[in-house]
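Participant: One structure coming up, written as structure tokens, with questions to follow.
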Amino acid sequence: MIKVAPSILSADFANLQRDVQMVEQACADSLHIDVMDGQFVPNLSFGMSTVAALRPLTSLTLDCHLMIVDPERFVEQFAQAGADLIGVHVESTQHIYHALQLIKQAGAKAEVVVNPGTPLNMIEGLLPLVDQVLIMTVNPGFGGQHFLDAMVTKIAALDALKQKNGYDFDIEVDGGVNDVTVKKCYDAGATVAVAGSYIYDSDDPAQRIEDLKVATN
Ligand code: DX5
Ligand code: ZN
């Protein structure tokens with residue numbers, strides 16, 4: 001069964017506490033927080049003060065997906081704000097290895113993220129270092145986009161590398177996840193699924209979390 005990480009990008013920003021506690025009660029496995037700077041992606045969202053505000057309200061793992069240029073500038077502040085896991089895009093910095101080292105030094109779990117157009121060989125040398133790899137299944141920046149089917153072979157190729165080398169990182173997918181696409185990801189080796197609009201745009205978010213789990217059971 002896949003682990004489910006609701007993305008609060010699709011939550012009601014005026015009722016974040018309610019929307020976070022709702023998914024926690026519905027057995028979400030972690031909470032996905034999309035951080036955007038208007039440069040790495042053409043959108044703006046949350047910063048570390050949002051993470052700090054949410055930290056005392058939930059015991060869910062806070063999974064912070066940084067879509068910002070040179071994320072190494074901010075990883076320590078996100079860790080101090082309460083992020084448990086911090087994801088940095090391989091495309092967002094000249095110093096990805098250093099960025100991942102800084103995340104670990106700050107006491108958080110380290111994740112490397114790859115855009116749809118980035119081949120896996122860009123991150124192969126980083127795999128021994130990371131706790132999680134995030135394969136983007138849409139172009140980052142916005143919720144509610146269509147799942148890119150071509151990413152399924154990339155998930156399977158990453159899982160093959162993981163098995164061959166005995167790595168134990170989680171494989172997360174993000175973008176366009178619903179009860180149909182989640183099964184394709186899970187069958188290819190994904191262990192964690194982010195879902196924003198599928199969960200929060202529903203009248204019954206708890207049922208949607210259940211549906212993602214049932215689809216991969
Ligand atoms: C997109 C974000 C996603 C987004 C997913 O850049 O990284 O986490 O919230 O939204 P859905 O699930 O609606 O595609
Ligand atoms: Zn995300």
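Every chain in the structure tokens has a letter given in the order shown (A, B, ...), and although residue numbers restart at 1 in each chain, ligands are simply numbered from 1 in the order shown.
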Ligand 2: which residues are within 9 Å, counting only C-alpha atoms and all ligand atoms, as a PyMOL selection string?
Facilitator: chain A and resi 7+9+32-35+63-67+134+136+140-143+173-175+194-196
Participant: I'd like the neighbourhood of stretch 102-118 of chain A as a list in words, where a residue qualifies if any of its atoms comes within 6 Å (using only C-alpha atoms), though same-chain residues fewer than 3 positions away should be ignored.
Facilitator: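 Close residues of stretch 102-118 of chain A: Val75, Glu76, Asp84, Leu85, Ile86, Gly87, Val88, His89, Ala99, Val130, Asp131, Gln132, Val133, Leu134, Ile135 and Met136 of chain A.
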Participant: Residues near A:Lys3, anyone? I mean within 10 Å using only C-alpha atoms, not counting same-chain ones fewer than 6 positions away, as a tab-separated table (two decimals) with N, CA and C atoms, in the first residue's frame.
Facilitator:
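Output (around-v7.tsv):
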```tsv
chain	number	residue	atom	x	y	z
A	27	CYS	N	-5.71	9.65	8.32
A	27	CYS	CA	-4.58	8.72	8.18
A	27	CYS	C	-3.64	9.04	7.02
A	28	ALA	N	-3.47	10.32	6.73
A	28	ALA	CA	-2.38	10.71	5.83
A	28	ALA	C	-1.07	10.28	6.47
A	29	ASP	N	-0.06	9.99	5.65
A	29	ASP	CA	1.22	9.54	6.18
A	29	ASP	C	2.22	10.67	6.40
A	30	SER	N	2.07	11.75	5.64
A	30	SER	CA	2.90	12.94	5.84
A	30	SER	C	2.18	14.10	5.20
A	170	ASP	N	12.99	6.11	-0.08
A	170	ASP	CA	11.62	6.10	-0.60
A	170	ASP	C	11.60	6.74	-1.98
A	172	GLU	N	9.12	8.95	-4.17
A	172	GLU	CA	7.88	9.74	-4.10
A	172	GLU	C	7.54	10.25	-5.49
A	186	TYR	N	2.72	3.07	-8.23
A	186	TYR	CA	3.00	2.05	-7.21
A	186	TYR	C	3.55	0.78	-7.86
A	190	ALA	N	6.97	3.25	-6.88
A	190	ALA	CA	6.80	4.41	-5.99
A	190	ALA	C	6.30	3.94	-4.63
A	191	THR	N	6.80	4.58	-3.56
A	191	THR	CA	6.38	4.20	-2.20
A	191	THR	C	5.59	5.32	-1.51
A	192	VAL	N	5.67	6.53	-2.05
A	192	VAL	CA	4.94	7.68	-1.48
A	192	VAL	C	4.30	8.47	-2.62
A	193	ALA	N	3.03	8.83	-2.45
A	193	ALA	CA	2.34	9.62	-3.47
A	193	ALA	C	1.86	10.94	-2.87
A	194	VAL	N	2.26	12.04	-3.52
A	194	VAL	CA	1.72	13.36	-3.18
A	194	VAL	C	0.41	13.52	-3.95
A	209	ILE	N	-8.23	9.90	0.32
A	209	ILE	CA	-6.99	9.30	0.86
A	209	ILE	C	-7.15	7.78	0.90
A	212	LEU	N	-6.84	6.20	-2.56
A	212	LEU	CA	-5.45	6.05	-3.03
A	212	LEU	C	-4.82	4.81	-2.41
A	213	LYS	N	-5.13	4.57	-1.15
A	213	LYS	CA	-4.56	3.40	-0.47
A	213	LYS	C	-5.17	2.11	-1.01
A	216	THR	N	-3.91	0.77	-4.25
A	216	THR	CA	-2.56	0.18	-4.26
A	216	THR	C	-2.44	-0.95	-3.25
```
Participant: Any chance you could list, as number ranges by chain, the residues in stretch 153-187 of chain A that come up strand (DSSP E) when DSSP is run on the backbone?
Facilitator: A: 170-174
Participant: Take the residues just selected and output them with N, CA and C atoms as a PDB file, in the first residue's frame.
Facilitator:
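Result saved to again.pdb:
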```
ATOM      1  N   ASP A 170      12.989   6.113  -0.085  1.00  0.00           N
ATOM      2  CA  ASP A 170      11.622   6.097  -0.604  1.00  0.00           C
ATOM      3  C   ASP A 170      11.604   6.745  -1.977  1.00  0.00           C
ATOM      4  N   ILE A 171      10.658   6.311  -2.801  1.00  0.00           N
ATOM      5  CA  ILE A 171      10.437   6.929  -4.116  1.00  0.00           C
ATOM      6  C   ILE A 171       9.072   7.612  -4.075  1.00  0.00           C
ATOM      7  N   GLU A 172       9.120   8.951  -4.167  1.00  0.00           N
ATOM      8  CA  GLU A 172       7.880   9.742  -4.099  1.00  0.00           C
ATOM      9  C   GLU A 172       7.536  10.250  -5.492  1.00  0.00           C
ATOM     10  N   VAL A 173       6.245  10.361  -5.766  1.00  0.00           N
ATOM     11  CA  VAL A 173       5.774  10.941  -7.030  1.00  0.00           C
ATOM     12  C   VAL A 173       4.877  12.130  -6.704  1.00  0.00           C
ATOM     13  N   ASP A 174       4.873  13.126  -7.608  1.00  0.00           N
ATOM     14  CA  ASP A 174       4.179  14.385  -7.311  1.00  0.00           C
ATOM     15  C   ASP A 174       3.643  14.979  -8.598  1.00  0.00           C
TER      16      ASP A 174
END
```
Participant: Which one of A:Tyr97, A:Phe13, A:Phe46, A:Phe147 sits closest to A:Phe78 if you count only C-alpha atoms?
Facilitator: A:Phe46
Participant: Compare A:Val23, A:Met1, A:Ala215, A:Ala160 by their minimum atom-to-atom distance to A:Val182, counting only C-alpha atoms, and give me the closest one.
Facilitator: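 That would be A:Ala215, the residue with the smallest distance to A:Val182.
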Participant: Please report the interatomic distance between atom CA of A:Leu148 and atom CA of A:Asp203 in Å with one decimal.
Facilitator: 25.5 Å
Participant: Report, in Å with one decimal, the straight-line distance from atom CA of A:Ala81 to atom CA of A:Ala52.
Facilitator: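 Going from atom CA of A:Ala81 over to atom CA of A:Ala52, I get 4.5 Å.
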Participant: Which residue is closest to ligand 1? Choose from A:Ala206, A:Met151, A:Leu62, A:Ile199 and count only C-alpha atoms and all ligand atoms.
Facilitator: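 For ligand 1, the nearest of the candidates is A:Ile199.
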Participant: Please, what distance in Å, to one decimal, runs between atom CA of A:Gly176 and atom CA of A:Gln17?
Facilitator: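 Computing the Euclidean distance for atom CA of A:Gly176 and atom CA of A:Gln17 yields 24.2 Å.
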Participant: For A:Ile68, list every protein, DNA or RNA residue within 6 Å, evaluated using only C-alpha atoms, and leave out those in the same chain fewer than 4 positions away; present the list as a list in words.
Facilitator: Met36, Asp37 and Phe40 of chain A
Participant: Taking the chain letters and numbering used in this document, name the residues of stretch 128-198 of chain A that DSSP puts in alpha helix (DSSP H), as an mmCIF file with C-alpha atoms, in the first residue's frame.
Facilitator:
```
data_model
loop_
_atom_site.group_PDB
_atom_site.id
_atom_site.type_symbol
_atom_site.label_atom_id
_atom_site.label_comp_id
_atom_site.auth_asym_id
_atom_site.auth_seq_id
_atom_site.Cartn_x
_atom_site.Cartn_y
_atom_site.Cartn_z
ATOM 1 C CA MET A 151 7.321 9.241 -16.125
ATOM 2 C CA VAL A 152 6.246 5.687 -15.264
ATOM 3 C CA THR A 153 9.294 4.184 -16.990
ATOM 4 C CA LYS A 154 11.496 6.645 -15.090
ATOM 5 C CA ILE A 155 10.025 5.463 -11.772
ATOM 6 C CA ALA A 156 10.661 1.846 -12.799
ATOM 7 C CA ALA A 157 14.248 2.653 -13.829
ATOM 8 C CA LEU A 158 14.893 4.318 -10.473
ATOM 9 C CA ASP A 159 13.409 1.365 -8.631
ATOM 10 C CA ALA A 160 15.689 -0.962 -10.625
ATOM 11 C CA LEU A 161 18.734 1.083 -9.552
ATOM 12 C CA LYS A 162 17.496 1.009 -5.972
ATOM 13 C CA GLN A 163 17.106 -2.786 -5.949
ATOM 14 C CA LYS A 164 20.385 -3.423 -7.759
ATOM 15 C CA ASN A 165 22.383 -1.351 -5.286
ATOM 16 C CA THR A 181 -2.362 7.096 -11.882
ATOM 17 C CA VAL A 182 -1.357 6.125 -8.335
ATOM 18 C CA LYS A 183 -1.551 2.449 -9.258
ATOM 19 C CA LYS A 184 0.772 2.925 -12.245
ATOM 20 C CA CYS A 185 3.274 4.660 -9.950
ATOM 21 C CA TYR A 186 2.998 2.045 -7.212
ATOM 22 C CA ASP A 187 3.400 -0.835 -9.640
ATOM 23 C CA ALA A 188 6.537 0.860 -11.020
ATOM 24 C CA SER A 197 -6.290 18.578 -6.010
ATOM 25 C CA TYR A 198 -7.441 14.946 -5.931
#
```
Participant: Out of A:Asn217, A:Ser10, A:Gln80, A:Ser92, which residue has the shortest atom-to-atom distance to A:Ser202 when counting only C-alpha atoms?
Facilitator: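 Distance minimum relative to A:Ser202 lands on A:Ser10.
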Participant: May I ask which of the residues A:Leu60, A:Ile123, A:Val180, A:Val41 is the closest one to A:Val214, counting only C-alpha atoms?
Facilitator: A:Val180
Participant: Using only C-alpha atoms and all ligand atoms, which of A:Leu120, A:Ala150, A:Val4, A:Val138 sits nearest ligand 1?
Facilitator: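 Of A:Leu120, A:Ala150, A:Val4, A:Val138, the one nearest ligand 1 is A:Val138, counting only C-alpha atoms and all ligand atoms.
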